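Engineer: The file below is model05.cif, mmCIF, C-alpha atoms and all ligand atoms:
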```cif
data_entry
#
loop_
_atom_site.label_atom_id
_atom_site.label_comp_id
_atom_site.auth_asym_id
_atom_site.auth_seq_id
_atom_site.Cartn_x
_atom_site.Cartn_y
_atom_site.Cartn_z
CA MET A 1 -1.00 17.43 -11.83
CA ALA A 2 -1.72 20.81 -10.23
CA TYR A 3 1.26 22.38 -8.52
CA GLY A 4 -0.24 25.86 -8.08
CA ASP A 5 1.98 28.67 -9.27
CA GLN A 6 5.33 27.30 -8.08
CA PRO A 7 8.00 26.88 -10.77
CA THR A 8 8.33 23.54 -12.53
CA LEU A 9 10.66 22.04 -15.08
CA SER A 10 9.16 20.30 -18.08
CA VAL A 11 11.22 17.21 -18.96
CA ASP A 12 10.03 15.04 -21.83
CA GLY A 13 6.49 16.27 -21.18
CA VAL A 14 6.68 15.61 -17.42
CA GLU A 15 6.21 18.61 -15.09
CA ILE A 16 8.54 18.42 -12.09
CA PRO A 17 8.36 21.02 -9.28
CA LEU A 18 11.83 22.63 -9.07
CA LEU A 19 11.75 22.60 -5.28
CA GLY A 20 11.24 19.30 -3.50
CA PHE A 21 11.58 17.93 0.01
CA GLY A 22 14.28 15.32 0.85
CA THR A 23 13.86 12.59 3.46
CA TRP A 24 17.30 10.93 3.81
CA GLN A 25 18.11 10.15 7.46
CA LEU A 26 14.58 10.97 8.59
CA GLU A 27 13.38 8.35 11.04
CA PRO A 28 9.91 7.07 10.10
CA SER A 29 8.15 9.28 12.69
CA ASP A 30 10.00 12.40 11.48
CA ALA A 31 9.47 11.44 7.84
CA ARG A 32 5.71 11.09 8.35
CA ARG A 33 5.43 14.37 10.29
CA MET A 34 7.70 16.38 7.99
CA VAL A 35 6.24 15.10 4.71
CA ALA A 36 2.74 16.03 5.88
CA GLU A 37 3.99 19.42 7.07
CA ALA A 38 5.98 20.09 3.89
CA LEU A 39 2.91 19.37 1.78
CA ARG A 40 0.77 21.67 3.96
CA ILE A 41 3.39 24.41 3.51
CA GLY A 42 3.15 24.00 -0.25
CA TYR A 43 5.88 21.59 -1.37
CA ARG A 44 4.60 19.33 -4.14
CA HIS A 45 7.65 17.15 -4.68
CA ILE A 46 8.91 14.52 -2.22
CA ASP A 47 12.11 12.46 -2.47
CA THR A 48 12.67 9.14 -0.73
CA ALA A 49 14.47 5.83 -1.39
CA TRP A 50 14.13 2.16 -0.41
CA ILE A 51 17.41 2.40 1.51
CA TYR A 52 16.09 5.32 3.65
CA LYS A 53 13.73 2.79 5.29
CA ASN A 54 10.95 5.38 5.45
CA GLU A 55 8.86 4.77 2.31
CA LYS A 56 5.88 3.60 4.38
CA ALA A 57 6.08 6.70 6.59
CA VAL A 58 6.40 8.95 3.53
CA GLY A 59 3.22 7.40 2.12
CA GLU A 60 1.46 7.97 5.45
CA GLY A 61 2.65 11.59 5.53
CA ILE A 62 1.23 12.14 2.06
CA ARG A 63 -2.15 10.78 3.14
CA ASP A 64 -2.07 12.73 6.45
CA SER A 65 -1.50 15.99 4.53
CA GLY A 66 -4.84 15.89 2.78
CA VAL A 67 -3.17 17.03 -0.45
CA PRO A 68 -4.56 15.06 -3.40
CA ARG A 69 -2.07 12.42 -4.52
CA GLU A 70 -2.25 13.60 -8.13
CA ASP A 71 -0.94 17.02 -7.06
CA ILE A 72 2.31 15.54 -5.73
CA PHE A 73 5.47 14.44 -7.57
CA LEU A 74 6.92 11.47 -5.67
CA THR A 75 10.37 9.93 -6.27
CA THR A 76 11.90 6.76 -4.86
CA LYS A 77 15.00 4.75 -5.75
CA ILE A 78 16.10 1.17 -6.44
CA TRP A 79 18.90 0.17 -4.07
CA VAL A 80 22.09 -1.26 -5.64
CA GLU A 81 21.54 -4.73 -4.19
CA HIS A 82 18.38 -4.99 -6.30
CA PHE A 83 19.87 -4.39 -9.75
CA THR A 84 19.27 -7.86 -11.23
CA HIS A 85 16.12 -8.19 -13.35
CA ASP A 86 14.02 -10.07 -10.79
CA ALA A 87 15.25 -8.20 -7.72
CA LEU A 88 14.59 -4.83 -9.35
CA LEU A 89 11.01 -5.69 -10.24
CA LYS A 90 10.46 -7.16 -6.77
CA GLN A 91 11.70 -3.95 -5.11
CA ALA A 92 9.67 -1.76 -7.46
CA GLU A 93 6.56 -3.68 -6.34
CA GLU A 94 7.59 -3.49 -2.68
CA SER A 95 8.29 0.26 -2.85
CA ALA A 96 4.91 1.00 -4.47
CA GLU A 97 3.24 -1.14 -1.81
CA SER A 98 5.11 0.57 1.07
CA LEU A 99 4.36 4.02 -0.32
CA GLY A 100 0.74 2.97 -0.82
CA THR A 101 0.87 4.61 -4.24
CA THR A 102 2.69 4.40 -7.58
CA PRO A 103 5.73 6.72 -7.56
CA ASP A 104 6.08 9.34 -10.29
CA LEU A 105 9.77 8.58 -10.64
CA LEU A 106 11.93 5.55 -9.93
CA LEU A 107 15.72 6.02 -9.98
CA LEU A 108 18.70 3.66 -9.97
CA HIS A 109 20.40 4.86 -6.77
CA TRP A 110 24.11 4.48 -7.73
CA PRO A 111 25.68 2.98 -10.89
CA LYS A 112 27.07 -0.52 -10.51
CA PRO A 113 29.12 -2.62 -12.97
CA THR A 114 27.35 -5.92 -12.22
CA PRO A 115 24.82 -6.95 -13.33
CA THR A 116 25.19 -5.27 -16.72
CA PHE A 117 23.53 -1.92 -17.41
CA GLU A 118 21.61 -3.77 -20.12
CA GLU A 119 19.95 -6.05 -17.56
CA THR A 120 19.26 -3.26 -15.04
CA LEU A 121 17.97 -0.73 -17.57
CA GLY A 122 15.84 -3.42 -19.18
CA ALA A 123 14.26 -4.22 -15.82
CA LEU A 124 13.78 -0.53 -14.98
CA ASN A 125 11.92 -0.06 -18.27
CA GLN A 126 9.79 -3.11 -17.48
CA ALA A 127 8.92 -1.60 -14.10
CA LYS A 128 7.58 1.41 -16.00
CA ASP A 129 5.78 -0.74 -18.58
CA ARG A 130 4.15 -2.73 -15.76
CA GLY A 131 2.86 0.47 -14.15
CA LEU A 132 5.10 0.23 -11.06
CA THR A 133 6.32 3.80 -11.73
CA ARG A 134 5.24 6.59 -14.05
CA ASN A 135 8.77 7.59 -15.08
CA ILE A 136 12.34 6.38 -14.69
CA GLY A 137 15.73 7.99 -14.13
CA LEU A 138 19.16 7.76 -12.54
CA SER A 139 21.11 8.92 -9.55
CA ASN A 140 24.86 9.45 -9.21
CA PHE A 141 25.70 8.54 -12.82
CA PRO A 142 28.80 10.27 -14.29
CA SER A 143 28.34 11.54 -17.88
CA LYS A 144 29.83 8.49 -19.57
CA GLU A 145 27.55 6.05 -17.73
CA PHE A 146 24.59 8.49 -18.06
CA ARG A 147 24.95 8.30 -21.87
CA GLN A 148 25.39 4.51 -21.82
CA ALA A 149 22.29 4.09 -19.68
CA GLN A 150 20.14 6.31 -21.91
CA ALA A 151 21.35 4.41 -25.00
CA LEU A 152 20.07 1.20 -23.38
CA SER A 153 16.78 2.66 -22.16
CA LYS A 154 13.60 2.67 -24.25
CA ALA A 155 12.06 5.37 -22.06
CA ARG A 156 13.68 8.74 -21.38
CA LEU A 157 15.69 8.83 -18.13
CA ILE A 158 14.17 12.10 -17.00
CA THR A 159 16.63 13.07 -14.28
CA ASN A 160 20.08 12.28 -12.90
CA GLN A 161 20.03 13.07 -9.16
CA VAL A 162 23.56 14.00 -8.09
CA GLU A 163 25.36 15.87 -5.32
CA HIS A 164 25.32 19.58 -6.18
CA HIS A 165 25.63 22.69 -4.01
CA PRO A 166 27.71 25.89 -4.06
CA TYR A 167 30.89 23.95 -3.21
CA LEU A 168 30.44 21.29 -5.91
CA GLY A 169 29.70 22.44 -9.45
CA VAL A 170 28.34 19.94 -11.98
CA ASP A 171 28.65 21.86 -15.26
CA ALA A 172 29.62 18.81 -17.34
CA LEU A 173 26.70 16.78 -16.01
CA VAL A 174 24.30 19.66 -16.66
CA ALA A 175 25.52 19.74 -20.29
CA THR A 176 25.10 15.96 -20.60
CA ALA A 177 21.58 16.14 -19.19
CA ALA A 178 20.71 18.85 -21.74
CA GLU A 179 22.15 16.73 -24.56
CA LEU A 180 20.03 13.74 -23.42
CA GLY A 181 16.82 15.74 -22.88
CA ALA A 182 17.00 15.08 -19.14
CA SER A 183 17.38 17.22 -15.99
CA ILE A 184 19.69 17.43 -12.99
CA THR A 185 18.35 17.11 -9.46
CA ALA A 186 20.66 18.41 -6.71
CA TRP A 187 21.03 16.29 -3.59
CA SER A 188 22.55 17.90 -0.49
CA PRO A 189 21.62 21.27 -2.07
CA LEU A 190 22.48 23.05 1.21
CA ALA A 191 25.82 21.20 1.48
CA GLN A 192 24.25 19.48 4.53
CA GLY A 193 23.94 22.83 6.29
CA LYS A 194 27.47 24.14 5.54
CA ILE A 195 26.09 27.08 3.54
CA ALA A 196 24.82 28.63 6.79
CA ASP A 197 28.32 29.88 7.71
CA ASP A 198 29.40 31.18 4.30
CA ALA A 199 30.27 34.91 4.26
CA THR A 200 29.74 35.36 0.50
CA ILE A 201 26.34 33.66 0.60
CA SER A 202 25.39 35.76 3.68
CA GLU A 203 26.22 38.97 1.81
CA ILE A 204 24.10 37.93 -1.19
CA ALA A 205 21.24 36.68 1.02
CA GLN A 206 21.17 39.78 3.23
CA ALA A 207 20.90 42.07 0.20
CA HIS A 208 17.51 40.42 -0.41
CA GLY A 209 16.45 40.10 3.24
CA LYS A 210 16.81 36.32 2.89
CA THR A 211 18.75 33.56 4.69
CA ASN A 212 21.74 31.66 3.34
CA GLY A 213 19.56 28.61 2.77
CA GLN A 214 17.05 30.63 0.76
CA ALA A 215 19.76 32.29 -1.40
CA THR A 216 21.33 28.89 -2.11
CA LEU A 217 18.06 27.24 -3.12
CA ARG A 218 17.16 30.28 -5.24
CA TRP A 219 20.54 30.02 -7.05
CA LEU A 220 19.80 26.37 -7.88
CA ILE A 221 16.26 26.84 -9.16
CA GLN A 222 17.27 29.95 -11.14
CA ASN A 223 19.80 27.64 -12.86
CA ARG A 224 16.85 25.28 -13.62
CA ILE A 225 18.27 22.66 -11.27
CA ILE A 226 15.74 20.70 -9.19
CA ALA A 227 16.61 21.00 -5.46
CA ILE A 228 15.44 18.68 -2.66
CA PRO A 229 16.53 20.13 0.73
CA ARG A 230 15.86 18.16 3.90
CA THR A 231 15.05 19.33 7.41
CA THR A 232 13.59 17.91 10.61
CA LYS A 233 12.22 21.36 11.54
CA GLU A 234 8.93 22.84 10.43
CA SER A 235 10.31 26.41 10.64
CA ARG A 236 13.14 25.51 8.27
CA ALA A 237 10.81 23.70 5.88
CA ARG A 238 8.84 26.96 5.73
CA GLU A 239 12.04 29.03 5.31
CA ASN A 240 13.31 26.79 2.49
CA PHE A 241 9.99 27.07 0.63
CA ASP A 242 9.99 30.88 0.78
CA ILE A 243 12.18 31.42 -2.29
CA PHE A 244 9.74 32.35 -5.02
CA ASP A 245 9.48 36.11 -4.32
CA PHE A 246 12.99 37.32 -5.16
CA GLU A 247 15.58 36.98 -7.89
CA LEU A 248 19.37 36.89 -7.81
CA SER A 249 21.12 39.20 -10.27
CA GLY A 250 23.50 37.90 -12.94
CA GLU A 251 26.42 39.10 -10.83
CA GLU A 252 25.09 37.36 -7.70
CA MET A 253 24.59 34.13 -9.68
CA GLN A 254 28.23 34.34 -10.82
CA ARG A 255 29.45 34.92 -7.27
CA MET A 256 27.57 31.79 -6.17
CA ASP A 257 29.03 29.82 -9.12
CA ALA A 258 32.53 30.94 -8.08
CA LEU A 259 32.21 29.16 -4.69
CA ASP A 260 32.79 25.80 -6.45
CA ARG A 261 35.79 24.06 -4.85
CA GLY A 262 35.07 20.51 -6.00
CA GLU A 263 34.01 19.46 -2.48
CA ARG A 264 32.15 16.13 -2.32
CA LEU A 265 30.27 15.29 0.89
CA GLY A 266 29.04 11.79 0.03
CA ASP A 267 30.90 9.60 -2.42
CA TRP A 268 30.04 5.94 -2.90
CA LEU A 269 30.92 5.78 -6.59
CA ASP A 270 32.12 2.33 -7.63
CA PRO A 271 35.85 2.39 -8.50
CA ALA A 272 34.87 1.12 -11.99
CA TYR A 273 33.67 4.68 -12.74
CA GLU A 274 35.03 8.20 -12.54
CA TRP A 275 33.23 11.48 -11.85
CA ASP A 276 33.25 14.13 -14.56
CA LYS A 277 36.18 16.48 -14.06
CA SER A 278 35.02 19.56 -12.15
CA ALA A 279 35.67 23.03 -13.51
CA ALA A 280 37.10 23.98 -10.09
N1 LIG B 1 20.57 10.16 -4.47
C1 LIG B 1 21.44 10.16 -3.49
O1 LIG B 1 22.43 9.40 -3.48
C2 LIG B 1 21.25 11.09 -2.35
C3 LIG B 1 22.27 11.29 -1.41
C4 LIG B 1 22.04 12.20 -0.37
C5 LIG B 1 20.83 12.87 -0.28
N2 LIG B 1 19.84 12.64 -1.21
C6 LIG B 1 18.52 13.35 -1.14
O2 LIG B 1 18.75 14.75 -1.06
C7 LIG B 1 18.11 15.27 0.10
C8 LIG B 1 18.86 16.47 0.64
O3 LIG B 1 20.20 16.18 0.92
P1 LIG B 1 20.77 16.08 2.41
O4 LIG B 1 19.69 15.62 3.30
O5 LIG B 1 22.03 15.29 2.33
O6 LIG B 1 21.29 17.54 2.76
P2 LIG B 1 20.79 19.08 2.67
O7 LIG B 1 19.36 19.19 2.31
O8 LIG B 1 21.82 19.78 1.88
O9 LIG B 1 21.01 19.52 4.18
C9 LIG B 1 20.25 19.03 5.25
C10 LIG B 1 20.88 19.57 6.53
O10 LIG B 1 20.85 20.99 6.51
C11 LIG B 1 20.10 21.49 7.60
N3 LIG B 1 19.24 22.56 7.06
C12 LIG B 1 18.05 22.47 6.42
N4 LIG B 1 17.60 23.67 6.05
C13 LIG B 1 18.52 24.57 6.44
C14 LIG B 1 18.63 25.96 6.34
N5 LIG B 1 17.69 26.71 5.75
N6 LIG B 1 19.73 26.57 6.87
C15 LIG B 1 20.70 25.84 7.46
N7 LIG B 1 20.67 24.51 7.59
C16 LIG B 1 19.59 23.87 7.08
C17 LIG B 1 19.33 20.33 8.17
O11 LIG B 1 19.29 20.40 9.57
P3 LIG B 1 17.89 20.38 10.39
O12 LIG B 1 17.25 19.06 10.14
O13 LIG B 1 18.37 20.57 11.79
O14 LIG B 1 17.09 21.54 9.86
C18 LIG B 1 20.18 19.13 7.76
O15 LIG B 1 21.16 18.87 8.74
C19 LIG B 1 18.11 14.05 1.04
O16 LIG B 1 17.26 14.22 2.14
C20 LIG B 1 17.71 12.96 0.09
O17 LIG B 1 16.32 12.99 -0.18
C21 LIG B 1 20.05 11.77 -2.24
#
```
Before we go any further, please render this structure as structure tokens.
Structural biologist:
Amino acid sequence: MAYGDQPTLSVDGVEIPLLGFGTWQLEPSDARRMVAEALRIGYRHIDTAWIYKNEKAVGEGIRDSGVPREDIFLTTKIWVEHFTHDALLKQAEESAESLGTTPDLLLLHWPKPTPTFEETLGALNQAKDRGLTRNIGLSNFPSKEFRQAQALSKARLITNQVEHHPYLGVDALVATAAELGASITAWSPLAQGKIADDATISEIAQAHGKTNGQATLRWLIQNRIIAIPRTTKESRARENFDIFDFELSGEEMQRMDALDRGERLGDWLDPAYEWDKSAA
């Protein structure tokens, strides 16, 4: 892996670029175009999922970019309908085939009570053992289920990808990830664009000659949280990547932290589980 001089997080010996590019809701043509563009801009981490229906386009975008595959960290996810042993392995094969390459990370998209975690985690580990992914992890697992899953997993679950932005703090999950030797990846890091109108973020951003999006992404990566913003626009992809030449002060970081109001934008958690209580 060669990610240039952009910041990475080392998790269980795996180097993950702290800034990635998200592809949820990108139609295949946009996904192909934007993934290629993001890689040309300098992103080295791409996030997709089977359910986004754009894995093939993401793979094409990677090849269009001309960036060597080994210089890119690529994540995809197992959809919840594929959590039985056989269905999981079948999707893992299908995803690798659609992408045209073995992903670096394969996540369970949302926790589900049936089949058992034992069956699903066993199959996820087999996917890794069979070379269908280089690493495994979770998405949208509250702390209790995060611990249960790791206890059932032979391999380290290197990240838990969860909703996190200035309006939704995840302190308890960050602590759980640290305890388990894992990391937190923030989805909807820009609160789906809501940060653009925030007066506090504007004040902090303007003090550095930066935009609200840039200040928000900087806050996340300074907290050692992996962030995967999405855009359909090349200019914004460029803007969101331009966050490595400034630093927020301790006071600015605290002002960003204080924006937490426990606001969830996308919640499909099974009623069998409960989110960690927010500090807000
Ligand atoms: N694991 C999960 O369950 C899960 C769930 C949701 C998302 N995700 C992942 O996380 C990625 C990011 O989350 P997201 O797509 O929900 O939301 P996001 O990245 O927080 O926000 C994307 C929205 O913000 C706009 N935007 C982008 N850059 C901006 C900027 N600098 N200033 C203002 N607005 C900006 C985009 O509009 P334009 O396109 O017009 O620029 C788009 O509407 C997804 O693409 C996906 O890969 C994972």
Engineer: Using only C-alpha atoms and all ligand atoms, which residues have at least one atom no more than 6 Å from ligand LIG 1 (chain B)? Output them as a PyMOL selection string.
Structural biologist: chain A and resi 22-24+47-48+109+139+161+187-193+196+213+228-233+236+240
Engineer: Enter the distance from CA of Ile158 (chain A) to CA of Thr185 (chain A), in Å, rounded to one decimal.
Structural biologist: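 Between these atoms lies a distance of 10.0 Å.
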Engineer: I'd like the neighbourhood of region 199-202 of chain A as a PyMOL selection string, where a residue qualifies if any of its atoms comes within 8 Å (using only C-alpha atoms), though same-chain residues fewer than 2 positions away should be ignored.
Structural biologist: chain A and resi 195-197+204-206+211-212+215-216+255-256
Engineer: Between A:Asp64, A:Glu97, A:Glu252, A:Asp267, which residue has the minimum interatomic distance to Leu132 (chain A), considering only C-alpha atoms?
Structural biologist: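 Once distances to Leu132 (chain A) are computed over only C-alpha atoms, the minimum belongs to A:Glu97.
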Engineer: Using all atoms listed in the file, what residues lie at most 9 Å away from (19.9, 32.9, -7.3) (file coordinates), given as an MDAnalysis selection string?
Structural biologist: chainID A and resid 204 214:223 246:250 252:253 256
Engineer: By how many Å are CA of Pro115 (chain A) and CA of Asn160 (chain A) apart?
Structural biologist: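 Going from CA of Pro115 (chain A) over to CA of Asn160 (chain A) covers 19.8 Å.
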Engineer: Counting only C-alpha atoms, which of A:Ala207, A:Ala175, A:Leu106, A:Val162 gets nearest to Leu265 (chain A)?
Structural biologist: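 The closest residue to Leu265 (chain A) is A:Val162.
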Engineer: Using only C-alpha atoms, which of A:Ala258, A:Ile41, A:Ile78, A:Ala31 sits nearest Pro166 (chain A)?
Structural biologist: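 For Pro166 (chain A), the nearest of the given residues is A:Ala258.
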Engineer: Which residues are close to region 272-276 of chain A, i.e. within 7 Å by only C-alpha atoms, leaving aside same-chain residues fewer than 6 positions away? Reply as JSON, numbers by chain.
Structural biologist: {"A": [113, 142, 143, 172]}
Engineer: Compile the contact shell of region 87-89 of chain A as an mmCIF file with C-alpha atoms, keeping the file's coordinate frame: residues with an atom at most 9 Å away, counting all atoms listed in the file, same-chain residues fewer than 2 positions apart removed.
Structural biologist:
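Saved to selection_3.cif:
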```cif
data_model
loop_
_atom_site.group_PDB
_atom_site.id
_atom_site.type_symbol
_atom_site.label_atom_id
_atom_site.label_comp_id
_atom_site.auth_asym_id
_atom_site.auth_seq_id
_atom_site.Cartn_x
_atom_site.Cartn_y
_atom_site.Cartn_z
ATOM 1 C CA ILE A 78 16.100 1.170 -6.440
ATOM 2 C CA TRP A 79 18.900 0.170 -4.070
ATOM 3 C CA GLU A 81 21.540 -4.730 -4.190
ATOM 4 C CA HIS A 82 18.380 -4.990 -6.300
ATOM 5 C CA PHE A 83 19.870 -4.390 -9.750
ATOM 6 C CA THR A 84 19.270 -7.860 -11.230
ATOM 7 C CA HIS A 85 16.120 -8.190 -13.350
ATOM 8 C CA GLN A 91 11.700 -3.950 -5.110
ATOM 9 C CA ALA A 92 9.670 -1.760 -7.460
ATOM 10 C CA GLU A 93 6.560 -3.680 -6.340
ATOM 11 C CA GLU A 94 7.590 -3.490 -2.680
ATOM 12 C CA THR A 120 19.260 -3.260 -15.040
ATOM 13 C CA ALA A 123 14.260 -4.220 -15.820
ATOM 14 C CA LEU A 124 13.780 -0.530 -14.980
ATOM 15 C CA GLN A 126 9.790 -3.110 -17.480
ATOM 16 C CA ALA A 127 8.920 -1.600 -14.100
ATOM 17 C CA LEU A 132 5.100 0.230 -11.060
#
```
Engineer: Just want the 7 Å neighbourhood of Asp71 (chain A), counted on all atoms listed in the file, with same-chain residues fewer than 2 positions away dropped. Output as an MDAnalysis selection string.
Structural biologist: chainID A and resid 1:3 44 67:69 73
Engineer: Would you pick out the contacts of Glu37 (chain A) at 8 Å or less, using all atoms listed in the file, so that residues sharing its chain but fewer than 3 positions from it are not included, and give the list as a compact mmCIF listing (two decimals) with C-alpha atoms, keeping the file's coordinate frame?
Structural biologist:
```
# COMPACT_ATOMS: atom_id res chain seq x y z
CA ARG A 33 5.43 14.37 10.29
CA MET A 34 7.70 16.38 7.99
CA ARG A 40 0.77 21.67 3.96
CA ILE A 41 3.39 24.41 3.51
CA SER A 65 -1.50 15.99 4.53
CA GLU A 234 8.93 22.84 10.43
```
Engineer: How many Å lie between CA of Phe117 (chain A) and CA of Ile225 (chain A), rounded to one decimal?
Structural biologist: 25.9 Å
